[in-house]
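> One structure, pasted below without further comment.
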4 protein chains.
Amino acid sequence: MISFKNDYSEIGHPNILALLQKYSHTQFNGYGLDVLSDSVKTTLKQWIQEDVDIHFLAGGTITNKVFISHVLRPYEAVISADTGHIYVHETGAIESTGHQIILIPNQDGKLTVQSIEETIQSYGDEHRVIPKLVYISNATETGTFYSKTELQHLYHYCQSKGLFLFIDGARLGVALAASGLSLHDMCVYSDAFYIGGTKNGAMLGEALVIKHGDLKRYVRHSIKQSGGLLAKGFLAAIQFEGLFQDDLFLSLGKHANTMAAQLSKGLLDLGIKPLYEVSTNQIFITLNTTTVESLLKNYTFEIWHNLGETQTIRLVTSWFTQPAMIEHLLNDLKKIL
Amino acid sequence: MISFKNDYSEIGHPNILALLQKYSHTQFNGYGLDVLSDSVKTTLKQWIQEDVDIHFLAGGTITNKVFISHVLRPYEAVISADTGHIYVHETGAIESTGHQIILIPNQDGKLTVQSIEETIQSYGDEHRVIPKLVYISNATETGTFYSKTELQHLYHYCQSKGLFLFIDGARLGVALAASGLSLHDMCVYSDAFYIGGTKNGAMLGEALVIKHGDLKRYVRHSIKQSGGLLAKGFLAAIQFEGLFQDDLFLSLGKHANTMAAQLSKGLLDLGIKPLYEVSTNQIFITLNTTTVESLLKNYTFEIWHNLGETQTIRLVTSWFTQPAMIEHLLNDLKKIL
Amino acid sequence: MISFKNDYSEIGHPNILALLQKYSHTQFNGYGLDVLSDSVKTTLKQWIQEDVDIHFLAGGTITNKVFISHVLRPYEAVISADTGHIYVHETGAIESTGHQIILIPNQDGKLTVQSIEETIQSYGDEHRVIPKLVYISNATETGTFYSKTELQHLYHYCQSKGLFLFIDGARLGVALAASGLSLHDMCVYSDAFYIGGTKNGAMLGEALVIKHGDLKRYVRHSIKQSGGLLAKGFLAAIQFEGLFQDDLFLSLGKHANTMAAQLSKGLLDLGIKPLYEVSTNQIFITLNTTTVESLLKNYTFEIWHNLGETQTIRLVTSWFTQPAMIEHLLNDLKKIL
Amino acid sequence: MISFKNDYSEIGHPNILALLQKYSHTQFNGYGLDVLSDSVKTTLKQWIQEDVDIHFLAGGTITNKVFISHVLRPYEAVISADTGHIYVHETGAIESTGHQIILIPNQDGKLTVQSIEETIQSYGDEHRVIPKLVYISNATETGTFYSKTELQHLYHYCQSKGLFLFIDGARLGVALAASGLSLHDMCVYSDAFYIGGTKNGAMLGEALVIKHGDLKRYVRHSIKQSGGLLAKGFLAAIQFEGLFQDDLFLSLGKHANTMAAQLSKGLLDLGIKPLYEVSTNQIFITLNTTTVESLLKNYTFEIWHNLGETQTIRLVTSWFTQPAMIEHLLNDLKKIL
């Protein structure tokens, strides 16, 4: 079986496993208060080039949940595209902390200034929540990414309206690789964002980066209350030490995108056109159900929509994907069709 | 520096690191829905010998938070000793899910049937919460453990009153080693408990074990909502594969206890009497502040209470503690005194 | 100034004020545990003709909040039209109790079986909330009402899917008057609903009616926890004693509808067509901003949408509205136009 | 039957009923945004003589719940005596908003600077909640009251520690009458407090008074989200118009205290000594169960503790209590004994 199910199907990149061996006889302080965590944060700050606070958490949902609930007062709400991970695939995690998500129809998986403006102008009195934070994903849930101009417009709009802008970077690696933007850019055009490790080669771990000074205090309290403060915080730090040696983080993102482009090209050659333009590492295609069933004998992938006679499936590439895997899949698909 | 700060200062046991290497080229399904997770759960069930559901989570606080909030209706409350980790050291995690903790004065870190009975008999009408779940820690926060008789009494009492009994097993390894009880016993005398990996050799991970049929449904929804569903669930499963080969879990607990007994004996020889009887791997002693300051040059440990001229400190042993470390500490202490 | 702002601009119907005088020297038990509350509930049950539990609460938002949060487990969600009061005008009250609202585009302010079915079929796994309760308003927020057939379809669909159906009856009086349905009908085709007093002549008070046996237990605990258990519960009971003597409740609803019909006809005669068909006591019209400003000198009403040169306003009639008030308004409007 | 069950057994004071008649043909704006609410707030501010915000709510529990949850960030906690209404008799209302209550053993129903200081000095790191608000009741749940000196000490301590001080004034009328303090004093020595109407002659209503500037913003949003924003806010305002004409509020408090003193004296004459010194309108006494049963034939009161052969009961006097009622009770008690 070859997996195109997601970008977190393997333990982690060999460099990271090597670091675990290297540190296997070292004693660290708990809860991220160790010298290695400090040192890795210093490294990240050199990439980011802004005065930020950094916290390592285990996964994306808890990072979104902790940060959004930390920022908002009880009567404040977060704005999200209707495709946003926090609304669609986190089992009400944000609402479980007491906050409404104000939904806006997505445009290619993204939010625009105009769509936000049209929505929030009707808010204001005490019978409605107060929009306070804009949540976007980069790369988005449909595989698109934000350009520098798009981020600039969103950020400046948010600043003009007293809104915070937060970027869910669960798939930031492929977004940076596709857009040519840097961690510094992410930081300049947001109040906070996170660097996704889990989906880009780490065993676990997301690095929450907070720039806005008002949002920095007591974050460790919020993390602990959520249950997200890792006893062995150094374990998460080791991941990012590995990912940011020799720019491995970006290399892995580029590799995943290259594999997706190769797969996408092969699919087009077979006459299969992806539903969304393939910019990063996710490809959505619709196949006959019998074709899908044949593929499932040798490959794993997500069935996104079951439409009866046809099915939309999602194919994901990653740092682990090899060209041979893609050739295999394309060849098998060719035989089936 | 030698650490007696806690039992989670190192990456993890060598056997577990070896397993990571073994599986480093394997692809798994996400979210714990992989064949390895299934297989490790089967192994654990053979130890437990009851019909249970098992879920792997990253740490103790999120396990407590997920399970307790999963069980309780909004107007129901959890009963805990006033030393209970959920009240003292989880930053209000339980209350953050909307539930009151009914506090009962501890007796050697433990709850008794009598203390619970005295408290809850005044509850009942709609102006008070409904006591519904009893939370105990084994080993306790003061290093004591529950005997079979104590657990039996508590469990039968809970059953007679319609209360659920939940055991926080963050330090279950040392408790089993000290009490001679088994995972099967834990399961027989509770409705649910968890097997703590993080403090007994694992890189991360607690195994939540649910016996009571009413509490099993939709637990994965609660875990996901909490942000606690690990994308790479197989990573937690690997920990428990390692811990339950050749009964490593119990061996590590025994080792920690042996080291604590050795340290405790050495302290008594120096005229230093621990505050609580040393049964497991935590030792609380009170020293002059100048002595504490001298020790801090070469050792790390928690200062539990700062009393001015004297300080109560906590020394923790673990699977990693070596006799030589204890000798070092005792010798240095001898020199200082 | 004459108010068309809402249907709760006056203290209450004279019959109710007379009852207050009548009972002014009586002592009652607190928290609704008094003989008068019992007796009024018996009266209501005679109207409803089903085996129900009844609770009196102060207002609509707290009734929605208490009941919905009482019914749902943490990972369960409520389905609502995107015009639903719980999403639009309750400041995130439902989300503040931890639950997601699954939004569905409204059709004339209403939900249909088809719209629900299309939405929930994509739900199921642990990454999404579980749809569990359908919330509808009758009369709706746009002034429409549900026919018997519509309610039947919704209720049977909900039963077939394991969903609860809850009717927000803040404006139930005008809905019953318009539809010809009875309290018994409301009860037969829902699991719970409430009878709105505040907007139909009462000083305050909604009567929450729960039919489904699984939802009846511990409701008083949920009410108390919400802060909604009135110390002087008998005060709310008195309101419903007044409203259900000689079918006053229905008479007042009919009167409000008659006044709205009269106003609507007058507006049409002036060439002003309401945005939605006028079925109950709410009329939405769009006027030039200068016209609106002129009217505001002698009348109060809500400005629903400020569109710059024009404004959509809402005119509400009630038990208190007199034909002369409507003549006044129409005459003034005629002069202005 | 004569009721000594509580101080909210009757509809309300005749002056208030008269005001309802007076305004019965007036139209008001909703949600407390009416001219009468404004005017009554101005009156209250003249009594308080400080720059405050005032909000009218229906009852005590929702006032506590709204204010405390409005003030606290998720990781912050409220400090309360273990007899505090918010812990004992509000069904976990505070915890339901996500906050821990830090419990301190009461001294005569009260908190002292020393007891707070001893508790909070162990707080600080991210594993514990942050104490942020001190909650006291005046009069207390055991019928005692705070002197000016006690309030001064508490308030200055709170200021020095960055804690807010909030006074639950559900029974403020009898506390002011007993202590000789004024509303101005309450305001000077706290950051916020509320004036209890329900237990001192009003039909319903508490007036929340907020002095500290940081706590004033968005309170109406919090009230609406809680479900506590009364549609007919003017109804609550009318209560306070009545209570603050000719200082009726204080007169009613004095009357209740006088009745309690008379009853207490009579009990002492019969050899029955109250458990706590009788300062305000609550008397706790212990009687033989047979005596209690005899009394229950003609009187209603709360049984506070059922001790088997004896029972502790609570007798409450109020604005409605007449000397003849007390004579009746004492005579009957004399006959029984």
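Ligands are numbered from 1 in the order shown, residues from 1 within each chain, and chains are lettered A, B, ... in the order they appear in the structure tokens.
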Write out as a PDB file with C-alpha atoms, in the first residue's frame which residues come within 10 Å of Met203 in chain A when counting only C-alpha atoms, dropping same-chain ones fewer than 3 positions away.

```
ATOM      1  CA  TYR A   8       1.511  12.985   8.286  1.00  0.00           C
ATOM      2  CA  SER A   9       1.659   9.254   7.589  1.00  0.00           C
ATOM      3  CA  GLU A  10       5.225   8.594   8.741  1.00  0.00           C
ATOM      4  CA  ILE A  11       7.071   8.989  12.036  1.00  0.00           C
ATOM      5  CA  GLY A  12       9.262  11.822  10.855  1.00  0.00           C
ATOM      6  CA  HIS A  13      12.255  12.943   8.865  1.00  0.00           C
ATOM      7  CA  ILE A  16      14.905  14.456  13.439  1.00  0.00           C
ATOM      8  CA  LEU A  17      15.267  10.825  14.418  1.00  0.00           C
ATOM      9  CA  ALA A  58       1.585  19.281  19.716  1.00  0.00           C
ATOM     10  CA  GLY A 197       5.705  20.837  11.789  1.00  0.00           C
ATOM     11  CA  THR A 198       3.416  17.793  11.842  1.00  0.00           C
ATOM     12  CA  LYS A 199       2.531  18.028   8.143  1.00  0.00           C
ATOM     13  CA  ASN A 200       6.059  18.849   7.030  1.00  0.00           C
ATOM     14  CA  LEU A 235      10.684  16.925  22.301  1.00  0.00           C
ATOM     15  CA  ALA A 236       8.819  19.531  20.242  1.00  0.00           C
ATOM     16  CA  ILE A 238      13.987  19.031  18.770  1.00  0.00           C
ATOM     17  CA  GLN A 239      11.608  18.820  15.819  1.00  0.00           C
TER      18      GLN A 239
ATOM     19  CA  ALA B 231      -2.446  13.372  13.927  1.00  0.00           C
ATOM     20  CA  LYS B 232       0.324  10.808  14.287  1.00  0.00           C
ATOM     21  CA  LEU B 235       3.617   7.707  17.701  1.00  0.00           C
TER      22      LEU B 235
END
```
> With a distance threshold of 8 Å and counting only C-alpha atoms, extract the residues of chain C near chain D and express them as a PyMOL selection string.
chain C and resi 2-3+5+8-12+14+17+20-21+23-30+58-63+65+90-93+96-97+198+203-204+221+224-228+230-232+235
> May I have the selected residues written with N, CA and C atoms, as a compact mmCIF listing (two decimals), in the first residue's frame?

```
# COMPACT_ATOMS: atom_id res chain seq x y z
N ILE C 2 -45.42 57.52 19.16
CA ILE C 2 -46.10 56.22 19.12
C ILE C 2 -45.06 55.18 18.72
N SER C 3 -45.06 54.05 19.41
CA SER C 3 -44.03 53.05 19.16
C SER C 3 -44.52 51.92 18.27
N LYS C 5 -41.90 49.94 17.53
CA LYS C 5 -40.53 49.42 17.64
C LYS C 5 -40.54 47.92 17.90
N TYR C 8 -43.00 44.68 22.89
CA TYR C 8 -42.76 44.61 24.34
C TYR C 8 -42.40 45.98 24.89
N SER C 9 -43.21 46.97 24.48
CA SER C 9 -42.93 48.36 24.87
C SER C 9 -43.74 48.83 26.08
N GLU C 10 -44.66 48.00 26.56
CA GLU C 10 -45.51 48.42 27.68
C GLU C 10 -45.36 47.42 28.83
N ILE C 11 -45.77 47.86 30.02
CA ILE C 11 -45.60 47.00 31.20
C ILE C 11 -46.32 45.67 31.03
N GLY C 12 -47.58 45.72 30.65
CA GLY C 12 -48.30 44.47 30.48
C GLY C 12 -49.79 44.69 30.42
N PRO C 14 -53.71 44.83 31.21
CA PRO C 14 -54.43 45.19 32.44
C PRO C 14 -54.87 43.98 33.27
N LEU C 17 -52.02 43.07 35.48
CA LEU C 17 -51.84 44.02 36.57
C LEU C 17 -52.90 43.81 37.64
N LEU C 20 -51.88 40.98 39.87
CA LEU C 20 -50.83 41.36 40.84
C LEU C 20 -51.46 41.96 42.08
N GLN C 21 -52.43 42.83 41.85
CA GLN C 21 -53.13 43.43 43.01
C GLN C 21 -53.82 42.35 43.83
N TYR C 23 -53.10 39.29 44.31
CA TYR C 23 -52.20 38.43 45.11
C TYR C 23 -51.22 39.21 45.98
N SER C 24 -51.43 40.52 46.09
CA SER C 24 -50.37 41.33 46.70
C SER C 24 -50.15 41.04 48.18
N HIS C 25 -51.09 40.38 48.84
CA HIS C 25 -50.89 40.05 50.26
C HIS C 25 -50.67 38.56 50.49
N THR C 26 -50.42 37.82 49.44
CA THR C 26 -50.23 36.38 49.56
C THR C 26 -48.74 36.05 49.70
N GLN C 27 -48.44 35.05 50.53
CA GLN C 27 -47.06 34.56 50.61
C GLN C 27 -46.93 33.27 49.80
N PHE C 28 -45.88 33.20 49.01
CA PHE C 28 -45.63 32.04 48.15
C PHE C 28 -44.27 31.41 48.48
N ASN C 29 -44.12 30.13 48.16
CA ASN C 29 -42.78 29.54 48.19
C ASN C 29 -41.96 30.11 47.03
N GLY C 30 -40.63 30.04 47.16
CA GLY C 30 -39.76 30.60 46.14
C GLY C 30 -39.49 29.63 45.01
N ALA C 58 -37.60 34.01 32.40
CA ALA C 58 -37.87 35.44 32.24
C ALA C 58 -37.96 35.88 30.78
N GLY C 59 -37.11 35.32 29.90
CA GLY C 59 -37.09 35.83 28.53
C GLY C 59 -36.68 34.78 27.53
N GLY C 60 -36.68 35.20 26.27
CA GLY C 60 -36.45 34.25 25.20
C GLY C 60 -35.02 33.74 25.11
N THR C 61 -34.05 34.65 25.20
CA THR C 61 -32.66 34.22 25.04
C THR C 61 -32.27 33.21 26.10
N ILE C 62 -32.64 33.48 27.35
CA ILE C 62 -32.25 32.54 28.41
C ILE C 62 -32.98 31.22 28.26
N THR C 63 -34.20 31.25 27.72
CA THR C 63 -34.92 30.01 27.49
C THR C 63 -34.22 29.18 26.41
N LYS C 65 -31.09 29.40 25.53
CA LYS C 65 -29.76 29.03 26.03
C LYS C 65 -29.85 27.86 27.00
N GLU C 90 -28.38 36.94 19.65
CA GLU C 90 -28.22 36.54 21.05
C GLU C 90 -26.75 36.60 21.48
N THR C 91 -25.95 37.39 20.77
CA THR C 91 -24.56 37.67 21.20
C THR C 91 -23.77 36.41 21.51
N GLY C 92 -24.01 35.37 20.70
CA GLY C 92 -23.24 34.16 20.89
C GLY C 92 -23.62 33.38 22.14
N ALA C 93 -24.87 33.53 22.60
CA ALA C 93 -25.29 32.86 23.84
C ALA C 93 -25.15 31.34 23.74
N SER C 96 -21.56 30.36 23.69
CA SER C 96 -20.96 30.57 25.00
C SER C 96 -21.14 29.36 25.91
N THR C 97 -22.10 28.50 25.58
CA THR C 97 -22.25 27.26 26.35
C THR C 97 -21.47 26.11 25.70
N THR C 198 -43.61 37.51 26.94
CA THR C 198 -43.09 38.88 26.91
C THR C 198 -43.59 39.68 25.71
N MET C 203 -45.73 40.87 31.46
CA MET C 203 -44.67 41.77 31.93
C MET C 203 -43.30 41.15 31.65
N LEU C 204 -43.26 39.85 31.78
CA LEU C 204 -42.07 39.05 31.45
C LEU C 204 -42.52 37.60 31.46
N HIS C 221 -31.96 22.18 37.45
CA HIS C 221 -30.53 22.41 37.69
C HIS C 221 -29.93 23.30 36.59
N LYS C 224 -31.15 26.87 37.08
CA LYS C 224 -30.47 27.55 38.20
C LYS C 224 -29.04 27.91 37.80
N GLN C 225 -28.34 26.98 37.17
CA GLN C 225 -26.95 27.25 36.78
C GLN C 225 -26.84 28.44 35.82
N SER C 226 -27.85 28.59 34.98
CA SER C 226 -27.83 29.70 34.01
C SER C 226 -28.10 31.05 34.66
N GLY C 227 -28.58 31.02 35.90
CA GLY C 227 -29.00 32.26 36.53
C GLY C 227 -30.45 32.60 36.20
N GLY C 228 -31.16 31.66 35.60
CA GLY C 228 -32.52 31.93 35.13
C GLY C 228 -33.64 31.49 36.06
N LEU C 230 -36.02 32.16 38.64
CA LEU C 230 -36.55 33.35 39.30
C LEU C 230 -36.86 33.06 40.76
N ALA C 231 -36.31 33.89 41.66
CA ALA C 231 -36.62 33.73 43.08
C ALA C 231 -38.15 33.79 43.27
N LYS C 232 -38.75 34.81 42.66
CA LYS C 232 -40.21 34.94 42.73
C LYS C 232 -40.83 34.31 41.48
N LEU C 235 -44.27 35.13 40.14
CA LEU C 235 -44.50 36.33 39.34
C LEU C 235 -44.68 35.96 37.87
```
> My list of candidates is B:Gly213, B:Gly242, B:Gly266, B:Gly124. Which is closest to Glu76 in chain B when distances are computed with only C-alpha atoms?
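Of the candidates, the smallest distance to Glu76 in chain B is held by B:Gly124.
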> Just the residues within 6 Å of Tyr194 in chain A, please, counting only C-alpha atoms, with nothing from its chain fewer than 6 positions along; format it as a list in words.
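Here the qualifying residues turn out to be Asp168, Gly169, Ala207, Leu208 and Val209 of chain A.
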> Which parts of range 225-314 of chain C does DSSP call alpha helix (DSSP H) when run on the backbone here, written out as a PyMOL selection string?
chain C and resi 225-226+233-243+248-269+289-295
